[in-house]
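Quick look at my_file-v2.csv (CSV, C-alpha atoms):
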```csv
chain,number,residue,atom,x,y,z
O,1,MET,CA,0.0,0.0,0.0
O,2,PRO,CA,1.4,3.4,-0.9
O,3,ALA,CA,2.4,5.8,1.9
O,4,HIS,CA,-0.1,8.4,0.8
O,5,ALA,CA,-3.0,5.9,0.9
O,6,SER,CA,-2.0,4.9,4.4
O,7,GLN,CA,-2.0,8.6,5.4
O,8,ASP,CA,-5.3,9.3,3.7
O,9,ARG,CA,-7.1,6.5,5.5
O,10,GLN,CA,-6.5,8.4,8.8
O,11,SER,CA,-7.8,11.7,7.5
O,12,LEU,CA,-11.2,13.2,8.4
O,13,ASN,CA,-12.1,13.4,4.8
O,14,TYR,CA,-11.6,9.6,4.3
O,15,ILE,CA,-13.4,8.7,7.5
O,16,VAL,CA,-16.5,10.8,6.5
O,17,ARG,CA,-16.6,9.3,3.1
O,18,SER,CA,-16.2,5.8,4.5
O,19,GLY,CA,-19.1,6.5,6.9
O,20,ILE,CA,-21.3,7.8,4.1
O,21,ALA,CA,-20.6,4.7,2.0
O,22,GLY,CA,-21.5,2.4,4.9
O,23,GLY,CA,-24.6,4.3,5.9
O,24,ILE,CA,-26.1,4.3,2.4
O,25,ALA,CA,-25.3,0.5,2.1
O,26,GLY,CA,-27.1,-0.2,5.3
O,27,CYS,CA,-30.2,1.8,4.3
O,28,VAL,CA,-30.6,0.2,0.9
O,29,ALA,CA,-30.1,-3.3,2.3
O,30,LYS,CA,-32.7,-2.8,5.1
O,31,THR,CA,-35.3,-1.3,2.8
O,32,VAL,CA,-35.0,-4.3,0.5
O,33,VAL,CA,-36.0,-6.7,3.4
O,34,ALA,CA,-38.2,-4.4,5.5
O,35,PRO,CA,-41.4,-6.5,5.3
O,36,LEU,CA,-39.5,-9.7,6.3
O,37,ASP,CA,-37.8,-7.9,9.1
O,38,ARG,CA,-41.1,-7.0,10.7
O,39,VAL,CA,-42.5,-10.5,10.4
O,40,LYS,CA,-39.3,-11.9,11.9
O,41,ILE,CA,-39.6,-9.6,14.9
O,42,LEU,CA,-43.2,-10.7,15.5
O,43,PHE,CA,-42.1,-14.3,15.4
O,44,GLN,CA,-39.1,-13.8,17.7
O,45,ALA,CA,-40.9,-11.8,20.3
O,46,SER,CA,-43.8,-14.3,20.3
O,47,ASN,CA,-46.5,-11.8,19.3
O,48,PRO,CA,-49.8,-13.7,20.1
O,49,ASP,CA,-51.4,-12.6,16.8
O,50,PHE,CA,-48.7,-14.4,14.7
O,51,GLN,CA,-47.5,-17.4,16.7
O,52,LYS,CA,-49.7,-19.6,14.6
O,53,TYR,CA,-47.6,-18.8,11.6
O,54,ALA,CA,-44.1,-19.3,13.2
O,55,GLY,CA,-41.9,-22.1,12.1
O,56,THR,CA,-42.7,-22.6,8.5
O,57,TRP,CA,-41.8,-20.9,5.2
O,58,SER,CA,-45.5,-20.8,4.2
O,59,GLY,CA,-46.3,-19.2,7.6
O,60,THR,CA,-44.0,-16.4,6.8
O,61,PHE,CA,-45.9,-15.5,3.6
O,62,ARG,CA,-49.2,-15.9,5.3
O,63,ALA,CA,-48.1,-13.5,8.0
O,64,VAL,CA,-47.0,-11.0,5.4
O,65,SER,CA,-50.5,-11.5,3.7
O,66,GLN,CA,-52.3,-10.8,7.0
O,67,ILE,CA,-50.3,-7.7,7.7
O,68,TYR,CA,-50.9,-6.4,4.2
O,69,GLY,CA,-54.6,-7.2,4.4
O,70,GLU,CA,-55.1,-5.3,7.7
O,71,ASN,CA,-52.8,-2.3,7.2
O,72,GLY,CA,-51.6,-2.4,3.6
O,73,VAL,CA,-48.0,-1.5,2.6
O,74,ARG,CA,-47.7,0.8,5.6
O,75,GLY,CA,-48.2,-2.2,7.8
O,76,LEU,CA,-45.4,-4.0,6.2
O,77,LEU,CA,-43.1,-1.0,6.7
O,78,GLN,CA,-44.3,-0.3,10.2
O,79,GLY,CA,-41.2,0.7,12.2
O,80,HIS,CA,-39.1,1.2,9.1
O,81,SER,CA,-38.7,4.9,9.8
O,82,ALA,CA,-37.0,4.1,13.0
O,83,THR,CA,-35.0,1.5,11.2
O,84,LEU,CA,-33.6,4.0,8.7
O,85,LEU,CA,-32.9,6.5,11.5
O,86,ARG,CA,-30.9,3.7,13.3
O,87,ILE,CA,-29.4,1.9,10.4
O,88,PHE,CA,-27.6,4.9,8.7
O,89,PRO,CA,-25.5,5.7,11.8
O,90,TYR,CA,-25.2,2.0,12.7
O,91,ALA,CA,-23.9,0.9,9.3
O,92,ALA,CA,-21.8,4.1,8.9
O,93,ILE,CA,-20.1,3.5,12.2
O,94,LYS,CA,-19.7,-0.3,11.6
O,95,PHE,CA,-18.1,0.0,8.1
O,96,MET,CA,-16.1,3.1,9.1
O,97,ALA,CA,-14.8,1.3,12.2
O,98,TYR,CA,-13.9,-1.8,10.2
O,99,ASP,CA,-12.0,0.3,7.6
O,100,GLN,CA,-9.9,1.8,10.4
O,101,LEU,CA,-9.4,-1.5,12.3
O,102,GLU,CA,-8.5,-3.3,9.1
O,103,HIS,CA,-5.9,-0.7,8.4
O,104,LEU,CA,-4.6,-0.9,11.9
O,105,LEU,CA,-4.6,-4.7,12.3
O,106,MET,CA,-4.0,-5.8,8.7
O,107,PRO,CA,-2.1,-3.1,6.8
O,108,THR,CA,-0.7,-5.6,4.3
O,109,ARG,CA,-2.1,-8.7,2.6
O,110,GLU,CA,0.5,-10.8,4.4
O,111,SER,CA,-0.8,-9.7,7.8
O,112,GLN,CA,-4.4,-10.7,7.1
O,113,THR,CA,-5.4,-13.6,9.3
O,114,ASN,CA,-8.8,-15.1,10.2
O,115,VAL,CA,-8.3,-14.1,13.9
O,116,ARG,CA,-7.6,-10.5,12.9
O,117,ARG,CA,-10.5,-10.4,10.5
O,118,PHE,CA,-12.8,-11.7,13.3
O,119,THR,CA,-11.4,-9.3,15.8
O,120,ALA,CA,-11.8,-6.3,13.5
O,121,GLY,CA,-15.4,-7.3,12.7
O,122,ALA,CA,-16.4,-7.9,16.3
O,123,LEU,CA,-15.0,-4.6,17.5
O,124,SER,CA,-16.6,-2.6,14.7
O,125,GLY,CA,-20.0,-4.3,15.6
O,126,ILE,CA,-19.7,-3.5,19.3
O,127,THR,CA,-18.8,0.1,18.5
O,128,SER,CA,-21.8,0.6,16.3
O,129,VAL,CA,-24.2,-1.1,18.7
O,130,PHE,CA,-23.1,1.1,21.6
O,131,PHE,CA,-24.0,4.3,19.8
O,132,THR,CA,-27.2,3.3,18.2
O,133,TYR,CA,-28.9,0.8,20.5
O,134,PRO,CA,-31.8,3.1,21.7
O,135,LEU,CA,-32.9,3.6,18.1
O,136,GLU,CA,-32.9,-0.2,17.7
O,137,LEU,CA,-35.1,-0.7,20.7
O,138,ILE,CA,-37.6,1.9,19.5
O,139,ARG,CA,-37.7,0.2,16.1
O,140,VAL,CA,-38.5,-3.2,17.7
O,141,ARG,CA,-41.3,-1.7,19.8
O,142,MET,CA,-42.9,-0.2,16.7
O,143,ALA,CA,-42.6,-3.4,14.7
O,144,PHE,CA,-44.0,-5.5,17.6
O,145,SER,CA,-47.2,-3.5,18.0
O,146,THR,CA,-50.3,-5.1,16.4
O,147,ARG,CA,-54.0,-4.5,16.5
O,148,ASN,CA,-54.9,-7.2,19.0
O,149,ALA,CA,-51.7,-6.8,21.1
O,150,SER,CA,-52.5,-3.2,21.9
O,151,HIS,CA,-55.2,-4.4,24.4
O,152,SER,CA,-57.3,-1.3,23.7
O,153,ALA,CA,-60.9,-1.0,22.9
O,154,ASP,CA,-60.2,2.1,20.8
O,155,ALA,CA,-59.3,2.1,17.2
O,156,TYR,CA,-55.8,0.7,16.5
O,157,HIS,CA,-53.2,3.4,15.7
O,158,ARG,CA,-49.8,2.5,14.3
O,159,PRO,CA,-47.2,3.8,16.8
O,160,SER,CA,-45.1,6.6,15.5
O,161,PHE,CA,-41.4,7.0,16.3
O,162,LEU,CA,-42.1,9.7,18.9
O,163,SER,CA,-45.1,7.9,20.5
O,164,ALA,CA,-43.0,4.7,20.9
O,165,MET,CA,-40.2,6.7,22.4
O,166,ARG,CA,-42.6,8.4,24.9
O,167,HIS,CA,-44.1,5.1,25.8
O,168,ILE,CA,-40.7,3.5,26.6
O,169,TYR,CA,-39.7,6.5,28.6
O,170,ARG,CA,-42.9,6.4,30.7
O,171,GLU,CA,-43.2,2.7,31.3
O,172,GLY,CA,-42.0,1.0,34.5
O,173,ALA,CA,-43.7,3.4,36.9
O,174,PRO,CA,-44.2,1.9,40.4
O,175,SER,CA,-47.6,0.3,41.0
O,176,SER,CA,-49.3,-1.4,43.9
O,177,SER,CA,-48.7,-4.8,42.5
O,178,ALA,CA,-45.1,-4.1,42.0
O,179,SER,CA,-44.7,-3.1,45.6
O,180,SER,CA,-45.8,-6.6,46.7
O,181,SER,CA,-42.2,-8.0,46.4
O,182,ALA,CA,-38.9,-6.4,47.2
O,183,PRO,CA,-37.1,-7.2,43.9
O,184,GLN,CA,-39.9,-5.7,41.8
O,185,ALA,CA,-40.1,-2.6,44.1
O,186,THR,CA,-36.5,-1.6,43.6
O,187,GLN,CA,-36.5,-2.0,39.8
O,188,PRO,CA,-38.8,1.0,39.0
O,189,ALA,CA,-36.7,3.2,41.3
O,190,ILE,CA,-33.7,2.5,39.0
O,191,PHE,CA,-35.8,3.4,36.0
O,192,THR,CA,-37.0,6.5,37.7
O,193,ARG,CA,-33.5,7.7,38.5
O,194,PHE,CA,-32.0,6.6,35.2
O,195,PRO,CA,-34.7,6.7,32.5
O,196,ILE,CA,-32.1,6.2,29.8
O,197,LEU,CA,-31.8,2.6,31.0
O,198,LYS,CA,-35.2,1.9,29.6
O,199,PHE,CA,-33.8,2.3,26.1
O,200,TYR,CA,-31.1,-0.3,26.8
O,201,ARG,CA,-33.3,-3.3,27.6
O,202,GLY,CA,-31.5,-6.3,26.2
O,203,PHE,CA,-28.2,-4.4,25.6
O,204,THR,CA,-25.9,-6.9,27.3
O,205,VAL,CA,-27.1,-9.9,25.3
O,206,THR,CA,-26.9,-7.7,22.2
O,207,VAL,CA,-23.3,-7.0,22.8
O,208,ILE,CA,-22.6,-10.7,23.4
O,209,GLY,CA,-24.5,-11.6,20.2
O,210,ILE,CA,-22.9,-9.0,18.0
O,211,ILE,CA,-19.4,-10.4,18.6
O,212,PRO,CA,-20.1,-13.7,16.8
O,213,TYR,CA,-22.4,-12.0,14.2
O,214,ALA,CA,-20.2,-9.2,13.1
O,215,GLY,CA,-17.0,-11.1,13.7
O,216,THR,CA,-18.2,-14.1,11.6
O,217,SER,CA,-19.6,-11.8,8.9
O,218,PHE,CA,-16.4,-9.9,8.3
O,219,LEU,CA,-14.3,-13.0,8.8
O,220,ALA,CA,-16.2,-14.8,6.0
O,221,TRP,CA,-16.2,-11.7,3.8
O,222,GLY,CA,-12.5,-11.2,4.1
O,223,TYR,CA,-11.6,-14.8,3.8
O,224,LEU,CA,-13.7,-15.3,0.6
O,225,ARG,CA,-12.2,-12.3,-1.0
O,226,SER,CA,-8.7,-13.3,-0.1
O,227,TRP,CA,-9.3,-16.9,-1.3
O,228,LEU,CA,-11.2,-16.2,-4.5
O,229,LEU,CA,-9.9,-12.9,-5.7
O,230,PRO,CA,-6.5,-13.0,-7.6
O,231,PRO,CA,-3.7,-11.6,-5.3
O,232,SER,CA,-2.6,-9.1,-8.0
O,233,VAL,CA,-6.1,-7.7,-8.1
O,234,ALA,CA,-6.5,-7.4,-4.3
O,235,ALA,CA,-3.1,-6.0,-3.9
O,236,LYS,CA,-3.9,-3.1,-6.2
O,237,GLY,CA,-7.0,-2.3,-4.2
O,238,HIS,CA,-9.2,-3.1,-7.2
O,239,LYS,CA,-12.7,-4.1,-6.2
O,240,SER,CA,-14.4,-7.3,-7.4
O,241,THR,CA,-17.5,-7.4,-9.6
O,242,PRO,CA,-21.0,-6.7,-8.1
O,243,LEU,CA,-21.9,-10.3,-8.6
O,244,ALA,CA,-18.9,-11.5,-6.6
O,245,ASP,CA,-19.7,-8.9,-3.9
O,246,LEU,CA,-23.3,-10.2,-3.7
O,247,SER,CA,-22.1,-13.8,-3.5
O,248,PHE,CA,-19.5,-13.2,-0.8
O,249,GLY,CA,-22.0,-11.1,1.2
O,250,ALA,CA,-24.7,-13.8,0.9
O,251,VAL,CA,-22.4,-16.5,2.3
O,252,SER,CA,-21.2,-14.2,5.0
O,253,GLY,CA,-24.7,-13.4,6.1
O,254,ALA,CA,-25.8,-17.0,6.2
O,255,LEU,CA,-22.9,-18.1,8.4
O,256,ALA,CA,-23.2,-15.1,10.7
O,257,GLN,CA,-26.9,-15.6,11.1
O,258,THR,CA,-26.5,-19.3,12.0
O,259,VAL,CA,-23.8,-18.6,14.6
O,260,SER,CA,-25.6,-15.7,16.4
O,261,TYR,CA,-29.3,-16.4,16.0
O,262,PRO,CA,-30.0,-17.7,19.6
O,263,PHE,CA,-28.6,-14.4,21.0
O,264,GLU,CA,-30.9,-12.5,18.7
O,265,VAL,CA,-34.0,-14.4,20.0
O,266,VAL,CA,-33.1,-13.6,23.6
O,267,ARG,CA,-32.4,-10.0,22.7
O,268,ARG,CA,-35.8,-9.5,21.1
O,269,ARG,CA,-37.6,-11.0,24.1
O,270,MET,CA,-35.7,-8.6,26.4
O,271,GLN,CA,-36.4,-5.7,24.2
O,272,VAL,CA,-40.2,-6.2,24.4
O,273,GLY,CA,-39.9,-6.9,28.1
O,274,GLY,CA,-41.1,-3.4,28.9
O,275,ILE,CA,-44.5,-4.4,27.3
O,276,THR,CA,-44.9,-7.7,29.0
O,277,ARG,CA,-43.2,-6.8,32.3
O,278,PRO,CA,-43.0,-3.0,32.5
O,279,ASP,CA,-42.4,-3.0,36.2
O,280,ARG,CA,-39.0,-4.7,36.1
O,281,TRP,CA,-35.8,-5.3,34.2
O,282,LEU,CA,-35.7,-8.7,32.6
O,283,ARG,CA,-32.3,-10.4,33.0
O,284,TRP,CA,-30.9,-12.3,30.2
O,285,ASP,CA,-30.6,-15.5,32.2
O,286,GLU,CA,-34.2,-15.6,33.2
O,287,THR,CA,-35.2,-14.8,29.6
O,288,VAL,CA,-33.1,-17.8,28.4
O,289,ARG,CA,-34.9,-20.0,31.0
O,290,GLY,CA,-38.3,-18.7,29.9
O,291,ILE,CA,-37.6,-19.6,26.3
O,292,TRP,CA,-36.2,-23.1,27.2
O,293,SER,CA,-39.2,-23.9,29.5
O,294,THR,CA,-41.8,-23.1,26.9
O,295,ARG,CA,-40.3,-24.4,23.7
O,296,GLY,CA,-37.0,-26.1,24.5
O,297,TRP,CA,-34.0,-25.6,22.2
O,298,ARG,CA,-36.2,-25.0,19.3
O,299,GLY,CA,-37.3,-21.8,20.9
O,300,PHE,CA,-33.9,-20.3,20.3
O,301,TYR,CA,-34.3,-20.8,16.6
O,302,VAL,CA,-37.9,-19.7,16.1
O,303,GLY,CA,-38.0,-17.6,12.9
O,304,LEU,CA,-34.6,-18.8,11.7
O,305,SER,CA,-36.0,-19.7,8.3
O,306,ILE,CA,-37.3,-16.1,7.8
O,307,GLY,CA,-34.0,-15.0,9.3
O,308,TYR,CA,-32.2,-16.6,6.4
O,309,LEU,CA,-34.7,-15.3,4.0
O,310,LYS,CA,-34.0,-11.8,5.3
O,311,VAL,CA,-30.3,-11.8,6.3
O,312,VAL,CA,-28.9,-13.5,3.2
O,313,PRO,CA,-30.2,-10.9,0.7
O,314,MET,CA,-29.7,-8.0,3.2
O,315,THR,CA,-26.1,-8.8,3.8
O,316,ALA,CA,-25.4,-9.5,0.1
O,317,VAL,CA,-26.9,-6.1,-0.8
O,318,SER,CA,-25.2,-4.4,2.1
O,319,TYR,CA,-21.7,-5.5,1.1
O,320,ALA,CA,-22.3,-5.0,-2.6
O,321,VAL,CA,-23.6,-1.4,-2.2
O,322,TRP,CA,-20.8,-0.7,0.3
O,323,GLN,CA,-18.2,-1.7,-2.3
O,324,TRP,CA,-20.1,0.3,-5.0
O,325,GLN,CA,-20.2,3.4,-2.8
O,326,ARG,CA,-16.5,3.0,-2.1
O,327,ARG,CA,-15.8,3.0,-5.8
O,328,ILE,CA,-17.9,6.1,-6.3
O,329,LEU,CA,-16.4,8.0,-3.4
O,330,GLY,CA,-12.8,7.0,-4.4
O,331,LEU,CA,-12.1,4.9,-1.3
```

Turn this file's structure into structure tokens for me.
Amino acid sequence: MPAHASQDRQSLNYIVRSGIAGGIAGCVAKTVVAPLDRVKILFQASNPDFQKYAGTWSGTFRAVSQIYGENGVRGLLQGHSATLLRIFPYAAIKFMAYDQLEHLLMPTRESQTNVRRFTAGALSGITSVFFTYPLELIRVRMAFSTRNASHSADAYHRPSFLSAMRHIYREGAPSSSASSSAPQATQPAIFTRFPILKFYRGFTVTVIGIIPYAGTSFLAWGYLRSWLLPPSVAAKGHKSTPLADLSFGAVSGALAQTVSYPFEVVRRRMQVGGITRPDRWLRWDETVRGIWSTRGWRGFYVGLSIGYLKVVPMTAVSYAVWQWQRRILGL
């Protein structure tokens, strides 16, 4: 790598362009799979209206049909506004951080190892999650809401970004039932003193889950490019074809999803915990026990088929658009 390229990668101009490329890639990829993303959240969080569809490919499409029949296209995109608000900074930080970590840990082709690829991917994922997690929680709450689950006799109204944010901020207030036991009585006091914690339900298991997900994804991406692209091409920094980028991204997404999916199921359950148990903070260990007691090991893989259906094209598009943007922006 030339000396000026090494210097450029540390410049603010390069960092900003790298972030823009990643942010656009994330938004395009998420928009492509937005309807499937909502159905997957409903399955993972055990929404009572859609449990009858969980576990089969045909159920996925019947769930999409029901949502479309009740609320039209807007129902399929419910929560997508929060998704875009979250995914642009999330993807921007993730790809930007990976660019910098790749340069730091693997400045030359000879220094590229699978351990370093995994480490760079995991650290970039943790960094992006830390800064954008509250937006992810709001998005999940918006997508989880359905007509019957609202428990209201009034006409159903799709939650807006601001209404979901207000609801999360206000939930967990002390009640007479909560005061019946000491552990439950102390939890609302924590939420009252530190309301920001309400926006971090499920954060610990998210961080644990992002390590294998982002690490495996970037590991597979880097390994496939190193293995299948000619060394002379990669050494010059020339990017592969869009078809190759899509293929590498699809394989990376499938592997990452398989490794990290149980963590994602636990995370979804904890994120909607403010709806099912607004008086207390659900711990990840009790969430795991709850899933195991109701559905056994299969409970940790509910919605995995739709996960593949969503993640594989999403990751493929994300990596392909990222590389396309890098070419356009001269990275």

Point-to-point distance from CA of Glu171 (chain O) to CA of Val288 (chain O), Å rounded to tenths: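 Separating CA of Glu171 (chain O) from CA of Val288 (chain O) is a distance of 23.0 Å.
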
Region 91-94 of chain O environment, 6 Å, all atoms listed in the file, sequence neighbours closer than 4 positions dropped, as a count of residues only: 8

Non-local contacts of region 200-212 of chain O (6 Å; only C-alpha atoms; under 5 positions in same chain excluded) as a ChimeraX atom specification: /O:122,260,263,267,270-271

Selected residue of minimal separation from Leu197 (chain O) among O:Val64, O:Tyr169, O:Val129, O:Ala21, counting only C-alpha atoms: O:Tyr169

Nearest-residue call for Val73 (chain O), choices O:Ile138, O:Ala34, O:Ala54, O:Leu331, using only C-alpha atoms: O:Ala34

Residue contacts of Gly75 (chain O) (10 Å, only C-alpha atoms) excluding same-chain residues fewer than 6 positions away, as a ChimeraX atom specification: /O:35,38,64,66-69,143,146,158

From O:Ser226, O:Trp221, O:Tyr319, O:Ala250, residue lying nearest Phe95 (chain O) [all atoms listed in the file]: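 Smallest separation from Phe95 (chain O) among the options: O:Tyr319.
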
Top pick for closest residue to Leu219 (chain O), considering O:Ser305, O:Asn13, O:Thr113, O:Thr258 and counting all atoms listed in the file: O:Thr113

Pairwise distance for CA of Arg74 (chain O) and CA of Tyr301 (chain O), rounded to one decimal in Å: 27.7 Å

Between CA of Leu137 (chain O) and CA of His167 (chain O) - distance in Å to one decimal: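 Taking CA of His167 (chain O) and CA of Leu137 (chain O), their separation equals 11.9 Å.
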
Distance criterion (only C-alpha atoms): nearest to Asp37 (chain O) out of O:Lys310, O:Arg295, O:Arg166, O:Arg289: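 Using only C-alpha atoms, the shortest distance to Asp37 (chain O) belongs to O:Lys310.
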